[in-house]
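Structure file final-v2.pdb (PDB, C-alpha atoms and all ligand atoms) follows.
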ATOM      1  CA  MET A   1       0.000   0.000   0.000
ATOM      2  CA  LEU A   2       2.795   2.408   0.887
ATOM      3  CA  GLU A   3       4.520   1.491  -2.355
ATOM      4  CA  GLU A   4       1.300   1.973  -4.348
ATOM      5  CA  ILE A   5       1.141   5.623  -3.280
ATOM      6  CA  GLN A   6       4.935   6.055  -3.407
ATOM      7  CA  ALA A   7       4.889   7.228   0.202
ATOM      8  CA  ALA A   8       8.661   7.132   0.812
ATOM      9  CA  PRO A   9       9.713   9.275  -2.206
ATOM     10  CA  PHE A  10       6.818  11.664  -1.530
ATOM     11  CA  LEU A  11       7.962  12.250   2.058
ATOM     12  CA  ARG A  12      11.657  12.469   1.185
ATOM     13  CA  GLU A  13      10.974  15.087  -1.498
ATOM     14  CA  ARG A  14       9.420  17.172   1.274
ATOM     15  CA  GLY A  15      12.423  16.817   3.546
ATOM     16  CA  VAL A  16      11.054  14.068   5.817
ATOM     17  CA  PRO A  17      13.697  11.383   6.457
ATOM     18  CA  VAL A  18      12.309   7.880   5.823
ATOM     19  CA  GLU A  19      13.930   4.515   6.618
ATOM     20  CA  HIS A  20      12.745   1.044   5.607
ATOM     21  CA  THR A  21      12.659  -1.396   8.525
ATOM     22  CA  GLY A  22      12.143  -4.644   6.604
ATOM     23  CA  LEU A  23      15.515  -6.206   5.795
ATOM     24  CA  ALA A  24      14.532  -7.093   2.222
ATOM     25  CA  ASP A  25      13.301  -3.600   1.327
ATOM     26  CA  ALA A  26      16.295  -1.972   2.998
ATOM     27  CA  LEU A  27      18.744  -4.211   1.089
ATOM     28  CA  LEU A  28      17.048  -3.525  -2.239
ATOM     29  CA  GLU A  29      17.048   0.207  -1.620
ATOM     30  CA  ALA A  30      20.734   0.151  -0.661
ATOM     31  CA  LEU A  31      21.501  -1.703  -3.904
ATOM     32  CA  GLY A  32      19.247   0.587  -5.982
ATOM     33  CA  ARG A  33      17.197  -2.382  -7.156
ATOM     34  CA  PRO A  34      13.402  -2.794  -7.373
ATOM     35  CA  GLY A  35      11.824  -5.811  -5.694
ATOM     36  CA  ASP A  36      10.412  -8.458  -8.036
ATOM     37  CA  HIS A  37       7.668  -9.840  -5.765
ATOM     38  CA  PRO A  38       5.155  -8.005  -3.572
ATOM     39  CA  ARG A  39       5.655 -10.328  -0.600
ATOM     40  CA  ARG A  40       9.195 -11.667  -1.070
ATOM     41  CA  PRO A  41      10.862  -8.734  -2.810
ATOM     42  CA  ALA A  42      14.513  -9.754  -2.329
ATOM     43  CA  ARG A  43      14.125 -13.473  -3.043
ATOM     44  CA  ARG A  44      16.458 -13.411  -6.067
ATOM     45  CA  LEU A  45      19.406 -11.562  -4.503
ATOM     46  CA  THR A  46      22.638 -13.549  -4.714
ATOM     47  CA  GLU A  47      24.965 -14.131  -1.748
ATOM     48  CA  GLU A  48      27.293 -11.507  -3.154
ATOM     49  CA  GLU A  49      24.494  -8.953  -3.551
ATOM     50  CA  ILE A  50      23.327  -9.592   0.007
ATOM     51  CA  ARG A  51      26.896  -9.033   1.255
ATOM     52  CA  GLN A  52      27.148  -5.810  -0.772
ATOM     53  CA  GLY A  53      23.756  -4.574   0.411
ATOM     54  CA  LEU A  54      24.541  -5.276   4.064
ATOM     55  CA  ALA A  55      27.904  -3.544   3.745
ATOM     56  CA  LEU A  56      26.180  -0.463   2.288
ATOM     57  CA  LEU A  57      23.493  -0.531   4.949
ATOM     58  CA  THR A  58      25.586  -1.212   8.008
ATOM     59  CA  GLY A  59      29.220  -0.489   7.096
ATOM     60  CA  GLY A  60      30.107  -4.127   7.662
ATOM     61  CA  GLY A  61      28.092  -4.674  10.841
ATOM     62  CA  GLY A  62      25.813  -7.249   9.187
ATOM     63  CA  VAL A  63      22.321  -8.292  10.218
ATOM     64  CA  GLU A  64      22.986  -7.692  13.923
ATOM     65  CA  GLU A  65      23.899  -4.063  13.210
ATOM     66  CA  PHE A  66      20.828  -3.620  10.978
ATOM     67  CA  ARG A  67      18.613  -4.960  13.786
ATOM     68  CA  ARG A  68      20.184  -2.556  16.302
ATOM     69  CA  ARG A  69      19.848   0.364  13.894
ATOM     70  CA  VAL A  70      16.164  -0.282  13.209
ATOM     71  CA  ARG A  71      15.354  -0.464  16.925
ATOM     72  CA  ASP A  72      17.296   2.748  17.626
ATOM     73  CA  LEU A  73      15.561   4.509  14.743
ATOM     74  CA  ALA A  74      12.108   3.319  15.812
ATOM     75  CA  ALA A  75      12.758   4.466  19.386
ATOM     76  CA  ARG A  76      13.749   7.953  18.174
ATOM     77  CA  ALA A  77      11.283   8.325  15.267
ATOM     78  CA  ALA A  78       8.458  10.833  15.481
ATOM     79  CA  CYS A  79       6.110   8.504  13.649
ATOM     80  CA  GLY A  80       5.853   4.867  12.557
ATOM     81  CA  VAL A  81       4.089   4.309   9.222
ATOM     82  CA  THR A  82       2.802   0.862   8.252
ATOM     83  CA  GLY A  83       0.245  -0.897   6.116
ATOM     84  CA  ALA A  84      -1.964  -3.670   7.557
ATOM     85  CA  GLU A  85      -3.733  -6.707   6.128
ATOM     86  CA  ALA A  86      -7.222  -5.819   7.374
ATOM     87  CA  VAL A  87      -9.273  -3.260   9.278
ATOM     88  CA  VAL A  88     -12.043  -4.692  11.436
ATOM     89  CA  ALA A  89     -15.025  -2.335  11.135
ATOM     90  CA  ARG A  90     -16.898  -3.762  14.133
ATOM     91  CA  PHE A  91     -14.107  -2.994  16.616
ATOM     92  CA  GLY A  92     -11.963  -0.436  14.813
ATOM     93  CA  SER A  93      -8.937  -2.750  14.847
ATOM     94  CA  LEU A  94      -5.974  -3.086  12.535
ATOM     95  CA  VAL A  95      -4.909  -6.692  11.912
ATOM     96  CA  ASN A  96      -1.558  -7.674  10.448
ATOM     97  CA  VAL A  97       0.488 -10.820   9.852
ATOM     98  CA  GLU A  98       4.285 -10.944   9.524
ATOM     99  CA  SER A  99       7.272 -13.036  10.524
ATOM    100  CA  GLU A 100      10.137 -10.540  10.732
ATOM    101  CA  GLY A 101       8.714  -8.482  13.606
ATOM    102  CA  ASN A 102       9.390  -5.022  12.161
ATOM    103  CA  TRP A 103       5.660  -4.210  11.864
ATOM    104  CA  GLY A 104       5.448  -4.699  15.615
ATOM    105  CA  VAL A 105       8.502  -2.491  16.251
ATOM    106  CA  VAL A 106       7.255   0.305  13.969
ATOM    107  CA  SER A 107       3.678   0.209  15.273
ATOM    108  CA  ASN A 108       4.788   0.105  18.940
ATOM    109  CA  LEU A 109       7.862   2.212  19.595
ATOM    110  CA  PRO A 110       7.234   5.653  18.018
ATOM    111  CA  PRO A 111       4.751   7.978  19.771
ATOM    112  CA  VAL A 112       2.498   8.109  16.681
ATOM    113  CA  HIS A 113       1.407   5.183  14.495
ATOM    114  CA  VAL A 114      -0.048   5.881  11.043
ATOM    115  CA  ALA A 115      -1.489   2.902   9.138
ATOM    116  CA  VAL A 116      -2.399   3.207   5.454
ATOM    117  CA  VAL A 117      -4.907   0.621   4.237
ATOM    118  CA  GLY A 118      -7.101   0.277   1.161
ATOM    119  CA  ILE A 119     -10.870   0.563   1.548
ATOM    120  CA  ASP A 120     -10.989  -2.945   0.082
ATOM    121  CA  GLN A 121      -9.242  -4.216   3.231
ATOM    122  CA  VAL A 122     -12.110  -3.314   5.551
ATOM    123  CA  VAL A 123     -13.816  -6.453   6.908
ATOM    124  CA  TRP A 124     -16.639  -6.809   9.419
ATOM    125  CA  ASP A 125     -15.220  -8.886  12.305
ATOM    126  CA  TYR A 126     -12.201 -10.825  13.566
ATOM    127  CA  ASP A 127     -13.310 -14.052  11.843
ATOM    128  CA  GLU A 128     -13.114 -12.310   8.482
ATOM    129  CA  ALA A 129      -9.791 -10.686   9.379
ATOM    130  CA  LEU A 130      -8.347 -14.069  10.358
ATOM    131  CA  ALA A 131      -9.524 -15.523   7.039
ATOM    132  CA  VAL A 132      -7.613 -12.724   5.239
ATOM    133  CA  VAL A 133      -4.509 -13.290   7.355
ATOM    134  CA  ARG A 134      -4.571 -17.045   6.758
ATOM    135  CA  GLY A 135      -5.110 -16.475   3.039
ATOM    136  CA  VAL A 136      -2.122 -14.139   2.840
ATOM    137  CA  ALA A 137       0.124 -16.544   4.768
ATOM    138  CA  ALA A 138      -0.916 -19.557   2.665
ATOM    139  CA  CYS A 139      -0.877 -17.892  -0.759
ATOM    140  CA  ALA A 140       2.086 -15.557  -0.338
ATOM    141  CA  TRP A 141       4.438 -17.616   1.831
ATOM    142  CA  GLY A 142       3.058 -21.176   1.681
ATOM    143  CA  ALA A 143       2.702 -21.028   5.485
ATOM    144  CA  ARG A 144      -0.169 -21.721   7.867
ATOM    145  CA  LEU A 145       0.419 -18.370   9.559
ATOM    146  CA  GLY A 146       3.244 -15.880  10.102
ATOM    147  CA  SER A 147       5.154 -15.735  13.391
ATOM    148  CA  TYR A 148       3.187 -12.692  14.482
ATOM    149  CA  VAL A 149      -0.487 -11.828  14.077
ATOM    150  CA  SER A 150      -0.998  -8.344  15.535
ATOM    151  CA  VAL A 151      -4.229  -6.600  16.504
ATOM    152  CA  VAL A 152      -4.119  -2.859  17.247
ATOM    153  CA  THR A 153      -7.258  -1.190  18.567
ATOM    154  CA  GLY A 154      -6.284   2.391  19.361
ATOM    155  CA  PRO A 155      -3.432   3.936  21.344
ATOM    156  CA  SER A 156      -1.590   2.630  24.396
ATOM    157  CA  SER A 157      -3.666   3.645  27.403
ATOM    158  CA  THR A 158      -3.841   2.774  31.105
ATOM    159  CA  SER A 159      -6.001   3.873  34.037
ATOM    160  CA  ASP A 160      -4.497   1.388  36.493
ATOM    161  CA  VAL A 161      -3.070   4.004  38.868
ATOM    162  CA  ALA A 162      -5.757   5.838  40.865
ATOM    163  CA  GLY A 163      -8.055   5.683  37.851
ATOM    164  CA  ARG A 164      -6.096   8.418  36.072
ATOM    165  CA  ASN A 165      -5.780   7.795  32.376
ATOM    166  CA  VAL A 166      -2.306   7.918  30.825
ATOM    167  CA  ARG A 167      -1.941   7.531  27.069
ATOM    168  CA  GLY A 168       1.160   6.391  25.251
ATOM    169  CA  MET A 169       2.763   4.483  28.141
ATOM    170  CA  HIS A 170       4.671   1.812  26.224
ATOM    171  CA  GLY A 171       2.995   2.085  22.833
ATOM    172  CA  PRO A 172       1.968   5.096  20.722
ATOM    173  CA  GLY A 173      -0.330   7.675  22.289
ATOM    174  CA  THR A 174      -1.878   8.384  18.889
ATOM    175  CA  VAL A 175      -2.976   5.987  16.137
ATOM    176  CA  HIS A 176      -4.229   7.224  12.783
ATOM    177  CA  VAL A 177      -5.750   5.004  10.080
ATOM    178  CA  ILE A 178      -5.789   6.374   6.540
ATOM    179  CA  LEU A 179      -8.297   4.617   4.290
ATOM    180  CA  LEU A 180      -7.086   4.746   0.722
ATOM    181  CA  ASP A 181      -9.444   4.753  -2.257
ATOM    182  CA  ASN A 182      -7.151   5.335  -5.259
ATOM    183  CA  GLY A 183      -9.523   3.793  -7.808
ATOM    184  CA  ARG A 184     -11.121   1.159  -5.569
ATOM    185  CA  ARG A 185     -14.570   2.758  -5.471
ATOM    186  CA  ALA A 186     -14.350   3.220  -9.233
ATOM    187  CA  ALA A 187     -13.605  -0.515  -9.540
ATOM    188  CA  LEU A 188     -16.859  -1.310  -7.763
ATOM    189  CA  GLU A 189     -18.889   1.253  -9.677
ATOM    190  CA  ARG A 190     -17.566   0.185 -13.080
ATOM    191  CA  GLY A 191     -18.046  -3.547 -12.552
ATOM    192  CA  PHE A 192     -14.455  -4.513 -11.677
ATOM    193  CA  GLY A 193     -15.113  -5.282  -8.004
ATOM    194  CA  GLU A 194     -13.530  -8.748  -8.389
ATOM    195  CA  LEU A 195     -10.122  -7.053  -8.583
ATOM    196  CA  LEU A 196     -10.530  -5.907  -4.981
ATOM    197  CA  TYR A 197     -10.332  -9.490  -3.682
ATOM    198  CA  CYS A 198      -6.611  -9.508  -4.490
ATOM    199  CA  LEU A 199      -4.334 -10.550  -1.603
ATOM    200  CA  ARG A 200      -1.171  -9.291  -3.348
ATOM    201  CA  CYS A 201       0.209 -12.829  -3.080
ATOM    202  CA  GLY A 202       2.169 -12.579  -6.348
ATOM    203  CA  ALA A 203       1.138 -16.005  -7.735
ATOM    204  CA  CYS A 204      -0.062 -14.426 -10.993
ATOM    205  CA  LEU A 205       3.329 -12.772 -11.546
ATOM    206  CA  GLU A 206       5.114 -16.140 -11.588
ATOM    207  CA  VAL A 207       3.285 -17.263 -14.734
ATOM    208  CA  CYS A 208       2.850 -13.950 -16.547
ATOM    209  CA  PRO A 209       4.782 -13.649 -19.866
ATOM    210  CA  ALA A 210       4.447  -9.845 -19.864
ATOM    211  CA  TYR A 211       5.899  -9.607 -16.340
ATOM    212  CA  ALA A 212       8.706 -11.990 -17.299
ATOM    213  CA  ARG A 213       9.625  -9.683 -20.191
ATOM    214  CA  LEU A 214       8.967  -6.238 -18.700
ATOM    215  CA  GLY A 215       9.495  -6.820 -14.976
ATOM    216  CA  ARG A 216       8.376  -3.982 -12.730
ATOM    217  CA  ALA A 217       7.566  -1.804 -15.748
ATOM    218  CA  PHE A 218       4.455  -4.028 -16.126
ATOM    219  CA  GLY A 219       1.985  -2.720 -13.546
ATOM    220  CA  GLY A 220       4.557  -0.503 -11.797
ATOM    221  CA  PRO A 221       3.791   0.126  -8.113
ATOM    222  CA  TYR A 222       0.469  -1.742  -8.501
ATOM    223  CA  TRP A 223       2.246  -4.965  -9.643
ATOM    224  CA  GLY A 224       1.580  -6.932 -12.848
ATOM    225  CA  GLY A 225      -1.584  -7.337 -14.894
ATOM    226  CA  ARG A 226      -3.910  -6.804 -11.963
ATOM    227  CA  GLY A 227      -1.879  -3.674 -11.300
ATOM    228  CA  VAL A 228      -2.432  -2.403 -14.848
ATOM    229  CA  ALA A 229      -6.189  -2.712 -14.275
ATOM    230  CA  ALA A 230      -5.809  -0.937 -10.916
ATOM    231  CA  ALA A 231      -3.844   1.843 -12.633
ATOM    232  CA  ALA A 232      -6.599   2.259 -15.229
ATOM    233  CA  LEU A 233      -9.134   2.756 -12.446
ATOM    234  CA  ALA A 234      -6.908   5.011 -10.330
ATOM    235  CA  GLU A 235      -5.171   7.065 -13.004
ATOM    236  CA  GLY A 236      -7.259   6.583 -16.155
ATOM    237  CA  PRO A 237      -6.327   5.112 -19.572
ATOM    238  CA  GLU A 238      -3.073   7.046 -19.836
ATOM    239  CA  GLY A 239      -1.731   5.518 -16.598
ATOM    240  CA  ALA A 240      -2.777   2.042 -17.728
ATOM    241  CA  ARG A 241      -1.112   2.424 -21.150
ATOM    242  CA  ARG A 242       2.087   3.676 -19.500
ATOM    243  CA  LEU A 243       2.146   0.577 -17.252
ATOM    244  CA  GLY A 244       1.542  -1.978 -20.038
ATOM    245  CA  LEU A 245      -2.161  -2.160 -20.913
ATOM    246  CA  GLU A 246      -1.301  -3.451 -24.396
ATOM    247  CA  ALA A 247       1.443  -5.837 -23.214
ATOM    248  CA  CYS A 248      -0.851  -8.498 -21.726
ATOM    249  CA  LEU A 249      -1.388 -11.550 -23.986
ATOM    250  CA  LEU A 250      -4.811 -12.179 -22.415
ATOM    251  CA  ASP A 251      -3.949 -15.892 -22.327
ATOM    252  CA  GLY A 252      -5.498 -16.549 -18.890
ATOM    253  CA  ARG A 253      -2.464 -18.101 -17.180
ATOM    254  CA  CYS A 254      -2.728 -15.630 -14.295
ATOM    255  CA  ARG A 255      -6.391 -16.499 -13.742
ATOM    256  CA  GLU A 256      -5.428 -20.180 -13.460
ATOM    257  CA  ALA A 257      -2.639 -19.391 -10.987
ATOM    258  CA  CYS A 258      -4.648 -16.990  -8.827
ATOM    259  CA  PRO A 259      -5.911 -18.670  -5.631
ATOM    260  CA  LEU A 260      -9.048 -16.539  -5.905
ATOM    261  CA  GLY A 261      -9.507 -17.069  -9.645
ATOM    262  CA  ILE A 262      -9.513 -13.327 -10.325
ATOM    263  CA  ASP A 263     -10.112 -12.820 -14.035
ATOM    264  CA  VAL A 264      -7.510 -10.152 -14.776
ATOM    265  CA  PRO A 265      -7.418 -10.838 -18.571
ATOM    266  CA  GLN A 266     -11.142 -10.218 -18.863
ATOM    267  CA  ALA A 267     -10.787  -6.963 -16.897
ATOM    268  CA  LEU A 268      -7.891  -5.851 -19.109
ATOM    269  CA  ALA A 269      -9.794  -6.743 -22.307
ATOM    270  CA  HIS A 270     -12.698  -4.568 -21.137
ATOM    271  CA  LEU A 271     -10.399  -1.731 -20.117
ATOM    272  CA  ARG A 272      -8.635  -1.860 -23.489
ATOM    273  CA  GLY A 273     -11.995  -1.482 -25.172
ATOM    274  CA  GLN A 274     -12.705   1.585 -23.061
ATOM    275  CA  ALA A 275      -9.245   3.164 -23.287
TER     276      ALA A 275
HETATM  277  S1  LIG A 301      -4.521 -11.331  -8.691
HETATM  278 FE1  LIG A 301      -4.655 -13.308  -7.574
HETATM  279  S2  LIG A 301      -2.620 -14.294  -7.914
HETATM  280 FE2  LIG A 301      -2.389 -12.102  -8.434
HETATM  281  S3  LIG A 301      -1.634 -11.161  -6.548
HETATM  282 FE3  LIG A 301      -3.900 -10.958  -6.532
HETATM  283  S4  LIG A 301      -4.657 -12.760  -5.381
HETATM  284 FE4  LIG A 301      -2.496 -13.177  -5.936
END
Take the structure I supplied and represent it as structure tokens, if you would.
Ligand code: SF4
Amino acid sequence: MLEEIQAAPFLRERGVPVEHTGLADALLEALGRPGDHPRRPARRLTEEEIRQGLALLTGGGGVEEFRRRVRDLAARAACGVTGAEAVVARFGSLVNVESEGNWGVVSNLPPVHVAVVGIDQVVWDYDEALAVVRGVAACAWGARLGSYVSVVTGPSSTSDVAGRNVRGMHGPGTVHVILLDNGRRAALERGFGELLYCLRCGACLEVCPAYARLGRAFGGPYWGGRGVAAAALAEGPEGARRLGLEACLLDGRCREACPLGIDVPQALAHLRGQA
């Protein structure tokens, strides 16, 4: 989500220092390389590239130094910015799944937590949120669950001492949730609501001939063929053409690979007709 809206470059251009806390994203940024998978972005780095990236990131201190640096940064940062896998409407909770633990660090240590989530990620209750989390873990990582499933329902707050309320004791005193539309409502209104079921698992990218040839140029920050359709709805025909609207072969391989059977080729064929 943060990549979709290019949050890091946007903030840096305005003088706000931004650091990635996930090891994979930090390595790729240090190497000046784009990730090639939405959930496992650094999976193709070689041993040598990992060594180079770590040296650039930590001056030779390795993973231990990166871990220390991230914790120091999070403890000093004015604000932690994350995505989340789901927002539970009934209780106002953010729900996330991860294994590295940096989501927990970023959402807990700074005094302010800002979460950016798509309006398509709003679910009704915890059962639905858990279904999303299990779907992400299974489809993106081939796992039953990540090491951490986090639920955040508002700021850190205690009234244990003489009934006086103190906010921000050990977690943030302020939590903001930004609900992002960016073409999602248009998807529903124009009959492309199926696209909003996407879990960003990346299975469709593995079989896509256009992605194999064009890489990240196909779909850009929205990723692949489904991303081209998302760009058409968010940015209009020009955005979709720029990100490869005509590159898709419409051969249906991605639909077969998608765990939800999302018919991206049909959506792209319709969008081509309207472009
Ligand atoms: S369209 Fe399907 S296969 Fe592709 S990322 Fe979304 S859920 Fe995964």
> Can you list, as an MDAnalysis selection string, the residues that the PyMOL selection byres (((chain A and resi 29-44) around 7) and not hetatm) selects here?
Replying inline: chainID A and resid 24:28 45:46 53 56:57 140 200:202 216
Writing out the chosen residues with C-alpha atoms as a tab-separated table (two decimals), keeping the file's coordinate frame:
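Contents of selection25.tsv, freshly written:
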chain	number	residue	atom	x	y	z
A	24	ALA	CA	14.53	-7.09	2.22
A	25	ASP	CA	13.30	-3.60	1.33
A	26	ALA	CA	16.30	-1.97	3.00
A	27	LEU	CA	18.74	-4.21	1.09
A	28	LEU	CA	17.05	-3.52	-2.24
A	45	LEU	CA	19.41	-11.56	-4.50
A	46	THR	CA	22.64	-13.55	-4.71
A	53	GLY	CA	23.76	-4.57	0.41
A	56	LEU	CA	26.18	-0.46	2.29
A	57	LEU	CA	23.49	-0.53	4.95
A	140	ALA	CA	2.09	-15.56	-0.34
A	200	ARG	CA	-1.17	-9.29	-3.35
A	201	CYS	CA	0.21	-12.83	-3.08
A	202	GLY	CA	2.17	-12.58	-6.35
A	216	ARG	CA	8.38	-3.98	-12.73
Might I get the box with edges along x, y and z of the file that holds all atoms of ligand LIG 301 (chain A) listed there, padded by 8 Å on every side, given as centre and edge lengths in Å to one decimal, as AutoDock Vina command-line options?
--center_x -3.1 --center_y -12.6 --center_z -7.0 --size_x 19.0 --size_y 19.3 --size_z 19.3
Counting all atoms listed in the file, what are the residues of chain A within 6 Å of ligand LIG 301 (chain A), and for each of them which pair of atoms is the nearest and at what distance in Å, to one decimal? Sort the table by chain and rising number, as JSON lines.
{"residue": "A:Cys198", "atom": "CA", "partner": "A:LIG301", "partner_atom": "FE3", "distance": 3.7}
{"residue": "A:Leu199", "atom": "CA", "partner": "A:LIG301", "partner_atom": "S4", "distance": 4.4}
{"residue": "A:Arg200", "atom": "CA", "partner": "A:LIG301", "partner_atom": "S3", "distance": 3.7}
{"residue": "A:Cys201", "atom": "CA", "partner": "A:LIG301", "partner_atom": "FE4", "distance": 3.9}
{"residue": "A:Gly202", "atom": "CA", "partner": "A:LIG301", "partner_atom": "S3", "distance": 4.1}
{"residue": "A:Ala203", "atom": "CA", "partner": "A:LIG301", "partner_atom": "S2", "distance": 4.1}
{"residue": "A:Cys204", "atom": "CA", "partner": "A:LIG301", "partner_atom": "S2", "distance": 4.0}
{"residue": "A:Arg226", "atom": "CA", "partner": "A:LIG301", "partner_atom": "S1", "distance": 5.6}
{"residue": "A:Ala257", "atom": "CA", "partner": "A:LIG301", "partner_atom": "S2", "distance": 6.0}
{"residue": "A:Cys258", "atom": "CA", "partner": "A:LIG301", "partner_atom": "S2", "distance": 3.5}
{"residue": "A:Pro259", "atom": "CA", "partner": "A:LIG301", "partner_atom": "FE1", "distance": 5.8}
{"residue": "A:Leu260", "atom": "CA", "partner": "A:LIG301", "partner_atom": "FE1", "distance": 5.7}
{"residue": "A:Ile262", "atom": "CA", "partner": "A:LIG301", "partner_atom": "FE1", "distance": 5.6}
Selection to disk with C-alpha atoms, as a PDB file, in the frame of the given file:
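Result saved to selection30.pdb:
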ATOM      1  CA  CYS A 198      -6.611  -9.508  -4.490  1.00  0.00           C
ATOM      2  CA  LEU A 199      -4.334 -10.550  -1.603  1.00  0.00           C
ATOM      3  CA  ARG A 200      -1.171  -9.291  -3.348  1.00  0.00           C
ATOM      4  CA  CYS A 201       0.209 -12.829  -3.080  1.00  0.00           C
ATOM      5  CA  GLY A 202       2.169 -12.579  -6.348  1.00  0.00           C
ATOM      6  CA  ALA A 203       1.138 -16.005  -7.735  1.00  0.00           C
ATOM      7  CA  CYS A 204      -0.062 -14.426 -10.993  1.00  0.00           C
ATOM      8  CA  ARG A 226      -3.910  -6.804 -11.963  1.00  0.00           C
ATOM      9  CA  ALA A 257      -2.639 -19.391 -10.987  1.00  0.00           C
ATOM     10  CA  CYS A 258      -4.648 -16.990  -8.827  1.00  0.00           C
ATOM     11  CA  PRO A 259      -5.911 -18.670  -5.631  1.00  0.00           C
ATOM     12  CA  LEU A 260      -9.048 -16.539  -5.905  1.00  0.00           C
ATOM     13  CA  ILE A 262      -9.513 -13.327 -10.325  1.00  0.00           C
TER      14      ILE A 262
END
>> Running the PyMOL selection byres (((chain A and resi 120-122) around 12) and not hetatm) on this model by hand, what would come out? Give it as an NGL selection string.
In response: :A and (1 or 83-96 or 116-119 or 123-126 or 128-129 or 131-133 or 177-188 or 193-200)
> Counting only C-alpha atoms, what is within 10 Å of segment 229-235 of chain A, bar same-chain residues fewer than 4 positions away, as a PyMOL selection string?
Replying inline: chain A and resi 4+181-188+190+192+195-196+219-225+239-245+264-265+267-272+274-275
